[in-house]
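Shown next: input23.cif, containing mmCIF, C-alpha atoms and all ligand atoms.
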```
data_coords
#
loop_
_atom_site.label_atom_id
_atom_site.label_comp_id
_atom_site.auth_asym_id
_atom_site.auth_seq_id
_atom_site.Cartn_x
_atom_site.Cartn_y
_atom_site.Cartn_z
CA MET A 1 0.00 0.00 0.00
CA SER A 2 1.50 3.35 -0.98
CA ALA A 3 1.69 6.08 1.68
CA ILE A 4 -0.74 8.97 1.29
CA PRO A 5 1.29 12.12 0.61
CA LEU A 6 1.05 14.84 3.24
CA LEU A 7 -0.48 18.17 2.28
CA GLU A 8 1.05 21.49 3.29
CA GLY A 9 -0.98 24.47 4.37
CA ARG A 10 -1.14 27.53 6.60
CA VAL A 11 -3.14 27.74 9.80
CA ILE A 12 -5.60 30.60 9.31
CA ALA A 13 -7.60 30.15 12.50
CA SER A 14 -7.04 28.50 15.86
CA TYR A 15 -9.76 27.69 18.37
CA GLY A 16 -8.34 25.80 21.30
CA ARG A 17 -7.17 22.55 19.74
CA HIS A 18 -9.09 23.01 16.51
CA TYR A 19 -7.54 24.70 13.53
CA GLN A 20 -8.53 25.82 10.08
CA VAL A 21 -5.79 25.16 7.57
CA GLU A 22 -5.74 26.66 4.12
CA VAL A 23 -4.15 24.21 1.71
CA ASP A 24 -4.69 26.34 -1.33
CA GLN A 25 -6.73 29.44 -1.99
CA GLN A 26 -9.84 27.37 -2.63
CA GLN A 27 -9.70 24.87 0.17
CA VAL A 28 -9.83 25.25 3.93
CA LEU A 29 -9.73 22.12 6.09
CA ASP A 30 -10.89 21.62 9.67
CA CYS A 31 -7.95 20.10 11.47
CA VAL A 32 -6.96 18.70 14.83
CA THR A 33 -3.55 17.75 16.12
CA ARG A 34 -2.39 14.27 17.05
CA GLY A 35 -2.98 13.43 20.70
CA LYS A 36 -3.02 16.32 23.10
CA GLN A 37 -0.53 18.42 21.22
CA SER A 38 -1.59 22.07 21.21
CA ASN A 39 1.55 23.82 20.09
CA VAL A 40 0.16 24.96 16.75
CA ALA A 41 -0.37 28.68 16.25
CA CYS A 42 -2.29 30.76 13.78
CA GLY A 43 0.13 31.59 10.98
CA ASP A 44 1.95 28.27 11.22
CA TRP A 45 2.79 26.32 8.07
CA VAL A 46 1.96 22.68 8.71
CA ARG A 47 1.97 19.24 7.11
CA LEU A 48 -1.26 17.34 7.42
CA LYS A 49 -2.99 14.14 6.50
CA LEU A 50 -6.50 14.17 5.07
CA THR A 51 -9.03 12.20 7.12
CA SER A 52 -12.06 13.20 5.05
CA PRO A 53 -12.55 15.53 2.08
CA ASN A 54 -12.63 18.58 4.37
CA GLN A 55 -10.86 17.38 7.52
CA GLY A 56 -7.31 16.58 8.45
CA VAL A 57 -4.81 15.81 11.17
CA ILE A 58 -1.78 18.03 11.60
CA GLU A 59 1.31 15.85 11.54
CA SER A 60 4.06 18.43 11.90
CA ILE A 61 4.83 22.12 12.04
CA ILE A 62 7.20 23.48 9.41
CA THR A 63 10.09 25.44 10.96
CA ARG A 64 8.90 28.88 12.00
CA THR A 65 10.57 32.17 11.21
CA SER A 66 9.10 33.64 14.40
CA LEU A 67 6.69 32.88 17.21
CA LEU A 68 4.95 35.44 19.37
CA TYR A 69 3.66 34.03 22.62
CA ARG A 70 2.89 34.79 26.21
CA SER A 71 3.62 32.58 29.18
CA VAL A 72 2.31 32.24 32.67
CA GLU A 73 4.42 30.06 34.93
CA HIS A 74 5.05 27.02 32.76
CA ARG A 75 2.14 27.45 30.39
CA SER A 76 2.58 29.16 27.02
CA LYS A 77 -0.18 30.82 25.08
CA LEU A 78 0.76 31.00 21.45
CA ILE A 79 -0.38 34.18 19.72
CA ALA A 80 0.88 33.91 16.15
CA ALA A 81 3.64 32.27 14.13
CA ASN A 82 5.67 33.41 11.12
CA VAL A 83 4.86 37.06 11.68
CA ASP A 84 7.08 39.96 10.67
CA LEU A 85 5.29 42.78 12.46
CA ALA A 86 3.39 43.10 15.74
CA VAL A 87 0.92 45.97 15.59
CA ILE A 88 0.26 46.97 19.19
CA VAL A 89 -3.18 48.54 19.14
CA VAL A 90 -3.98 51.09 21.87
CA SER A 91 -6.83 53.50 22.36
CA PRO A 92 -7.69 56.46 24.56
CA VAL A 93 -11.06 54.94 25.63
CA PRO A 94 -11.00 52.37 27.17
CA SER A 95 -7.61 53.66 28.19
CA TYR A 96 -4.61 51.49 27.43
CA TYR A 97 -2.22 50.16 30.07
CA ASP A 98 1.26 51.45 29.47
CA LEU A 99 2.78 48.39 31.19
CA LEU A 100 0.99 46.11 28.76
CA VAL A 101 2.38 48.10 25.82
CA ASN A 102 5.87 47.59 27.23
CA ARG A 103 5.23 43.88 27.68
CA CYS A 104 4.06 43.57 24.06
CA LEU A 105 7.13 45.46 22.85
CA ILE A 106 9.46 43.25 24.88
CA ALA A 107 7.76 40.03 23.75
CA ALA A 108 8.03 41.10 20.11
CA GLN A 109 11.65 42.12 20.55
CA ALA A 110 12.48 38.79 22.23
CA ALA A 111 10.85 36.97 19.28
CA GLY A 112 12.76 39.03 16.71
CA ILE A 113 9.58 40.67 15.46
CA GLU A 114 9.39 44.34 14.53
CA SER A 115 6.70 46.33 16.32
CA LEU A 116 4.46 49.27 15.52
CA ILE A 117 2.40 51.16 18.08
CA CYS A 118 -0.94 52.07 16.58
CA LEU A 119 -3.18 54.53 18.42
CA ASN A 120 -6.73 53.84 17.29
CA LYS A 121 -9.85 55.97 17.87
CA SER A 122 -8.02 59.13 16.83
CA ASP A 123 -11.43 60.60 16.08
CA LEU A 124 -12.09 61.01 19.81
CA GLY A 125 -10.61 64.51 19.99
CA GLU A 126 -8.75 65.73 23.06
CA VAL A 127 -8.43 62.36 24.81
CA ALA A 128 -6.90 60.93 21.65
CA ASP A 129 -4.50 63.87 21.32
CA ALA A 130 -3.42 63.44 24.94
CA ALA A 131 -2.83 59.71 24.44
CA TYR A 132 -0.80 60.40 21.31
CA THR A 133 1.37 62.98 23.09
CA LYS A 134 2.12 60.43 25.81
CA LEU A 135 2.92 57.72 23.28
CA CYS A 136 5.44 59.95 21.51
CA SER A 137 7.98 58.88 24.16
CA TYR A 138 8.07 55.49 22.36
CA ARG A 139 8.95 57.20 19.12
CA GLU A 140 11.91 58.80 20.89
CA LEU A 141 13.05 55.27 21.79
CA GLY A 142 13.01 54.37 18.10
CA TYR A 143 9.64 52.60 17.87
CA ASN A 144 7.27 53.39 15.05
CA LEU A 145 4.09 55.16 16.17
CA ILE A 146 1.01 55.97 14.12
CA ARG A 147 -2.51 57.22 14.80
CA VAL A 148 -5.56 55.96 12.97
CA SER A 149 -9.30 55.71 13.29
CA ALA A 150 -10.86 52.39 12.34
CA LYS A 151 -14.06 54.36 11.77
CA HIS A 152 -12.65 57.11 9.55
CA ASP A 153 -9.06 56.80 8.39
CA ILE A 154 -6.52 53.98 8.48
CA SER A 155 -4.22 55.41 5.81
CA GLN A 156 -1.21 55.53 8.15
CA LEU A 157 -1.50 51.81 8.85
CA THR A 158 -1.76 50.26 5.39
CA PRO A 159 1.80 50.97 4.15
CA TYR A 160 3.28 49.13 7.16
CA LEU A 161 1.39 45.95 6.29
CA GLN A 162 2.56 45.50 2.70
CA GLY A 163 4.48 42.33 1.93
CA LYS A 164 4.31 41.05 5.52
CA THR A 165 2.38 38.87 7.89
CA SER A 166 1.33 41.17 10.72
CA VAL A 167 -0.46 40.44 13.97
CA LEU A 168 -2.70 42.82 15.86
CA VAL A 169 -2.20 42.57 19.61
CA GLY A 170 -3.62 44.54 22.49
CA GLN A 171 -6.14 44.79 25.25
CA SER A 172 -9.78 44.08 24.63
CA GLY A 173 -11.74 46.98 23.29
CA MET A 174 -8.87 48.83 21.63
CA GLY A 175 -10.45 48.19 18.23
CA LYS A 176 -8.46 45.34 16.67
CA SER A 177 -11.51 43.76 15.06
CA SER A 178 -12.70 47.16 13.88
CA LEU A 179 -9.33 47.68 12.20
CA ILE A 180 -9.66 44.31 10.43
CA ASN A 181 -13.12 45.36 9.27
CA ALA A 182 -11.73 48.64 7.97
CA LEU A 183 -8.91 46.84 6.16
CA LEU A 184 -11.20 44.12 4.81
CA PRO A 185 -14.84 45.19 4.84
CA GLU A 186 -15.90 41.78 3.53
CA ALA A 187 -14.38 40.01 6.59
CA ALA A 188 -17.26 41.23 8.82
CA VAL A 189 -15.50 40.46 12.10
CA ALA A 190 -17.70 40.62 15.17
CA THR A 191 -17.15 43.76 17.20
CA ARG A 192 -19.01 44.64 20.31
CA ASP A 193 -19.74 47.95 21.92
CA VAL A 194 -17.80 48.40 25.10
CA SER A 195 -18.99 50.62 27.85
CA SER A 196 -16.75 53.65 27.99
CA ALA A 197 -18.38 54.57 31.30
CA LEU A 198 -16.90 51.44 32.83
CA ASP A 199 -13.69 52.07 30.92
CA SER A 200 -13.09 48.37 30.48
CA GLY A 201 -13.08 46.13 27.47
CA LYS A 202 -15.06 42.91 26.98
CA HIS A 203 -13.81 39.84 25.20
CA THR A 204 -15.36 39.57 21.79
CA THR A 205 -12.68 37.65 19.91
CA THR A 206 -12.05 34.12 21.08
CA SER A 207 -9.52 32.87 18.57
CA ALA A 208 -6.77 34.10 16.32
CA THR A 209 -7.65 34.46 12.65
CA LEU A 210 -5.49 35.20 9.62
CA TYR A 211 -6.87 37.32 6.79
CA HIS A 212 -5.34 37.96 3.38
CA LEU A 213 -4.91 41.62 2.48
CA ASN A 214 -3.40 40.71 -0.88
CA ALA A 215 -1.29 37.90 -2.32
CA ASN A 216 1.71 38.60 -0.07
CA SER A 217 0.27 40.63 2.83
CA HIS A 218 -1.60 38.91 5.64
CA ILE A 219 -2.93 40.05 8.99
CA ILE A 220 -3.78 38.07 12.12
CA ASP A 221 -6.35 39.30 14.64
CA SER A 222 -5.56 37.94 18.10
CA PRO A 223 -7.81 37.73 21.16
CA GLY A 224 -7.81 40.78 23.40
CA MET A 225 -5.72 40.37 26.51
CA GLN A 226 -5.58 41.95 29.96
CA ALA A 227 -2.16 40.60 30.90
CA PHE A 228 0.96 39.54 29.04
CA GLY A 229 3.03 36.99 30.94
CA LEU A 230 6.69 36.94 29.97
CA ASN A 231 7.92 34.00 32.01
CA HIS A 232 9.86 32.69 29.05
CA ILE A 233 12.32 35.57 29.16
CA ARG A 234 15.46 35.04 31.21
CA ALA A 235 15.96 37.58 33.99
CA GLY A 236 19.56 38.17 32.92
CA GLU A 237 18.54 38.96 29.35
CA LEU A 238 15.65 41.30 30.02
CA ASP A 239 17.74 44.47 30.20
CA GLN A 240 19.01 43.92 26.63
CA LEU A 241 15.43 44.06 25.38
CA PHE A 242 15.06 47.62 26.68
CA THR A 243 16.97 49.26 23.86
CA GLU A 244 17.83 52.49 25.67
CA PHE A 245 19.43 50.51 28.54
CA ARG A 246 21.99 48.94 26.22
CA PRO A 247 24.70 51.64 26.38
CA TYR A 248 24.83 51.19 30.19
CA ILE A 249 24.75 47.40 30.43
CA GLY A 250 28.13 46.01 31.38
CA HIS A 251 29.10 49.22 33.18
CA CYS A 252 27.51 48.37 36.54
CA LYS A 253 29.65 47.57 39.57
CA TYR A 254 28.38 43.99 39.65
CA SER A 255 28.50 41.95 36.47
CA ASN A 256 25.21 40.22 37.39
CA CYS A 257 23.51 43.52 38.32
CA ARG A 258 19.73 43.43 37.90
CA HIS A 259 19.38 47.24 38.11
CA THR A 260 16.92 47.34 40.99
CA HIS A 261 18.81 48.66 44.05
CA GLU A 262 22.48 47.79 43.57
CA PRO A 263 25.15 50.40 44.32
CA ASN A 264 26.98 51.92 41.36
CA CYS A 265 24.47 50.60 38.88
CA ALA A 266 25.01 52.28 35.51
CA VAL A 267 21.35 51.81 34.53
CA LEU A 268 20.06 53.38 37.77
CA ASN A 269 22.60 56.18 37.37
CA ALA A 270 21.37 56.79 33.81
CA HIS A 271 17.83 56.96 35.18
CA GLU A 272 18.96 59.47 37.83
CA ALA A 273 20.57 61.54 35.07
CA GLY A 274 17.29 61.56 33.11
CA LYS A 275 18.54 59.28 30.33
CA ILE A 276 16.04 56.52 31.16
CA SER A 277 12.44 57.43 31.94
CA ASP A 278 10.59 56.53 35.15
CA ALA A 279 8.01 54.66 33.08
CA ARG A 280 10.53 52.43 31.35
CA LEU A 281 12.55 51.70 34.48
CA SER A 282 9.28 50.78 36.26
CA ALA A 283 8.25 48.60 33.31
CA TYR A 284 11.60 46.81 33.42
CA GLN A 285 11.39 46.26 37.17
CA ASP A 286 7.75 45.16 36.93
CA ILE A 287 8.59 42.51 34.32
CA LEU A 288 11.70 41.43 36.23
CA ARG A 289 9.66 40.82 39.41
CA GLY A 290 7.54 38.30 37.52
CA LEU A 291 10.53 36.30 36.27
CA SER A 292 11.99 33.36 38.08
N1 LIG B 1 -14.76 56.21 18.16
C1 LIG B 1 -14.19 55.09 17.71
N2 LIG B 1 -14.58 53.90 18.23
C2 LIG B 1 -13.98 52.79 17.76
C3 LIG B 1 -12.97 52.83 16.78
N3 LIG B 1 -12.55 51.57 16.54
C4 LIG B 1 -13.29 50.76 17.35
N4 LIG B 1 -14.16 51.48 18.08
C5 LIG B 1 -15.11 50.95 19.06
O1 LIG B 1 -14.40 50.30 20.11
C6 LIG B 1 -15.12 49.16 20.57
C7 LIG B 1 -14.24 47.92 20.57
O2 LIG B 1 -13.89 47.60 19.23
P1 LIG B 1 -13.43 46.15 18.78
O3 LIG B 1 -12.98 46.27 17.39
O4 LIG B 1 -14.47 45.14 19.12
O5 LIG B 1 -12.19 45.92 19.78
P2 LIG B 1 -11.18 44.69 19.89
O6 LIG B 1 -9.85 45.27 20.18
O7 LIG B 1 -11.28 43.82 18.69
O8 LIG B 1 -11.72 43.93 21.15
P3 LIG B 1 -11.54 42.37 21.51
O9 LIG B 1 -12.24 41.62 20.43
O10 LIG B 1 -12.20 42.26 22.84
O11 LIG B 1 -10.09 42.10 21.54
C8 LIG B 1 -16.36 49.07 19.68
O12 LIG B 1 -17.41 49.70 20.38
C9 LIG B 1 -15.98 49.85 18.46
O13 LIG B 1 -17.12 50.40 17.81
C10 LIG B 1 -12.58 54.12 16.25
O14 LIG B 1 -11.71 54.28 15.41
N5 LIG B 1 -13.23 55.20 16.77
ZN ZN B 2 22.88 47.75 37.05
#
```

Would you mind writing the structure in this file as C-alpha cells?
Ligand SMILES: Nc1nc2c(ncn2[C@@H]2O[C@H](COP(=O)(O)OP(=O)(O)OP(=O)(O)O)[C@@H](O)[C@H]2O)c(=O)[nH]1
Ligand SMILES: [Zn+2]
Amino acid sequence: MSAIPLLEGRVIASYGRHYQVEVDQQQVLDCVTRGKQSNVACGDWVRLKLTSPNQGVIESIITRTSLLYRSVEHRSKLIAANVDLAVIVVSPVPSYYDLLVNRCLIAAQAAGIESLICLNKSDLGEVADAAYTKLCSYRELGYNLIRVSAKHDISQLTPYLQGKTSVLVGQSGMGKSSLINALLPEAAVATRDVSSALDSGKHTTTSATLYHLNANSHIIDSPGMQAFGLNHIRAGELDQLFTEFRPYIGHCKYSNCRHTHEPNCAVLNAHEAGKISDARLSAYQDILRGLS
C-alpha cells in the first residue's frame, strides 16, 4: 500500500485545539492535532494528513521564522507564528495600560519581530491627542508610532502591512476587530460595543484568525488580553530588550547587576541623570519581578 502524501498548508484560525488550515486558496480544512498536542499557532505552516474531504490531522509544524507568545508560569499561550510585524493597538477609551504596551514590545523584541504602536480611535478629539502625546515617548526610543481611526481613516497603517504577515495585539476593546473590518470590509468580524463609562473592554474575539490583504500581505487578529506573561524571558537577558538601557549594560559595579537597588548601577545612574524614563525603568522592574 503506498503512503498517502502529506499536504502542506497555513493555519488561518485556531480555536483551542481546533484549527482551520488553508491548503490552497480554494480549500480550507478543519484540522486537529495528534494526541493532546496544542503547540500549533495561527500563521503556522503545517503538514497534514486528510481524514475526510474537508478534515485533516496536523502531523508536523514546518520550521517557524518567528513565534509570538505569552507565558504564565510554565504554560505558554501562542499568539501567532511566522509574523514579521506586531501591531500593538492602543486606544484612549477604554484607556490602554502602558505596562501592557511595554510587555508587548518586549515580547516582540524577544521573538525578533518588529513592532508598531498604533493609536486607534483618533477621532475622539482631546483624549486621543493626549494619548498620542504620551505615546510619543516610544517614538523617541526608536519605535514606530502611528494614529488611525478604524471608523474614519486607516491610511497611516496600510503601508506598514505591505508584503508582511502582521499580527494585531492589544487589550480588549482597543479596536483590533474594527481595524480588520476597515482593512477588509468583507471580513465582517464581530465587534461589540464596550462601555466607555466602565472604561473596560469585553472579550469579543475568542480565537486568532489570519486574513489575506493581498497575495503577499496577511494580517492576524488575536484575542484581546488583559495581561501579558513573559515568564519565558530570562531575567539576565531582560535588560538587553530595553533598547535604551543597552549603552549602560556592562558598566555596573556587579556583572550580574539586575538594576533594581544595587550600588553603582550604571542603569540606575542613567535613570537618575534623566537618560532613562521613570516609566521604562518601572516597566523593566515590573517585568523582572515576575521572572523566576
Ligand atoms: N470612536 C471610535 N470607536 C472605535 C474605533 N474603533 C473601534 N471602536 C469601538 O471600540 C469598541 C471595541 O472595538 P473592537 O474592534 O471590538 O475591539 P477589539 O480590540 O477587537 O476587542 P476584543 O475583540 O475584545 O479584543 C467598539 O465599540 C468599536 O465600535 C474608532 O476608530 N473610533
Ligand atoms: Zn545595574

Query raised in the report: So which residues touch region 267-283 of chain A within 7 Å, counting all atoms listed in the file, skipping near sequence neighbours fewer than 3 positions away, as a PyMOL selection string?
Result: chain A and resi 99+102+245+248-249+259+286-287

If you count only C-alpha atoms, which residues fall within 9 Å of Val23 (chain A), apart from same-chain ones fewer than 5 positions away, as a PDB file with C-alpha atoms, keeping the file's coordinate frame?
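File produced: around16.pdb:
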```
ATOM      1  CA  LEU A   7      -0.480  18.170   2.280  1.00  0.00           C
ATOM      2  CA  GLU A   8       1.050  21.490   3.290  1.00  0.00           C
ATOM      3  CA  GLY A   9      -0.980  24.470   4.370  1.00  0.00           C
ATOM      4  CA  ARG A  10      -1.140  27.530   6.600  1.00  0.00           C
ATOM      5  CA  VAL A  11      -3.140  27.740   9.800  1.00  0.00           C
ATOM      6  CA  VAL A  28      -9.830  25.250   3.930  1.00  0.00           C
ATOM      7  CA  LEU A  29      -9.730  22.120   6.090  1.00  0.00           C
TER       8      LEU A  29
END
```

Padding of 5 Å on every side, edges along x, y and z, all listed atoms of ligand LIG 1 (chain B) included: what centre and edge lengths in Å, to one decimal, does that box have, as lines of an AutoDock Vina configuration file?
```
center_x = -13.6
center_y = 48.9
center_z = 19.1
size_x = 17.6
size_y = 24.6
size_z = 17.4
```

With the cut-off set at 6 Å and counting all atoms listed in the file, tabulate each residue of chain A with an atom at most that distance from an atom of ligand ZN 2 (chain B), showing the nearest atom pair and its distance in Å to one decimal, ordered by chain and increasing number, as a tab-separated table.
```
residue	atom	partner	partner_atom	distance
A:Cys252	CA	B:ZN2	ZN	4.7
A:Cys257	CA	B:ZN2	ZN	4.5
A:Arg258	CA	B:ZN2	ZN	5.4
A:His259	CA	B:ZN2	ZN	3.7
A:Cys265	CA	B:ZN2	ZN	3.7
A:Ala266	CA	B:ZN2	ZN	5.2
A:Val267	CA	B:ZN2	ZN	5.0
```

Query raised in the report: For Glu59 (chain A), which residue out of A:Leu184, A:Val83, A:Val127, A:Cys31 is the nearest one, using only C-alpha atoms?
Result: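 Checking each candidate against Glu59 (chain A), we get A:Cys31 as the closest.
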
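In this structure, CA of Ser178 (chain A) sits 16.2 Å away from CA of Ile117 (chain A).
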
Give me the residues near Gln37 (chain A) as an mmCIF file with C-alpha atoms, in the frame of the given file, where near means some atom within 10 Å (using all atoms listed in the file) and where sequence neighbours in that chain fewer than 4 positions away do not count.
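Result saved to part-v7.cif:
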```
data_model
loop_
_atom_site.group_PDB
_atom_site.id
_atom_site.type_symbol
_atom_site.label_atom_id
_atom_site.label_comp_id
_atom_site.auth_asym_id
_atom_site.auth_seq_id
_atom_site.Cartn_x
_atom_site.Cartn_y
_atom_site.Cartn_z
ATOM 1 C CA ARG A 17 -7.170 22.550 19.740
ATOM 2 C CA VAL A 32 -6.960 18.700 14.830
ATOM 3 C CA THR A 33 -3.550 17.750 16.120
ATOM 4 C CA ILE A 58 -1.780 18.030 11.600
#
```

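Considering the residues A:Ser71, A:Gln26, A:Ser137, A:Thr158 and counting all atoms listed in the file, Leu291 (chain A) has its shortest atom-to-atom contact with A:Ser71.
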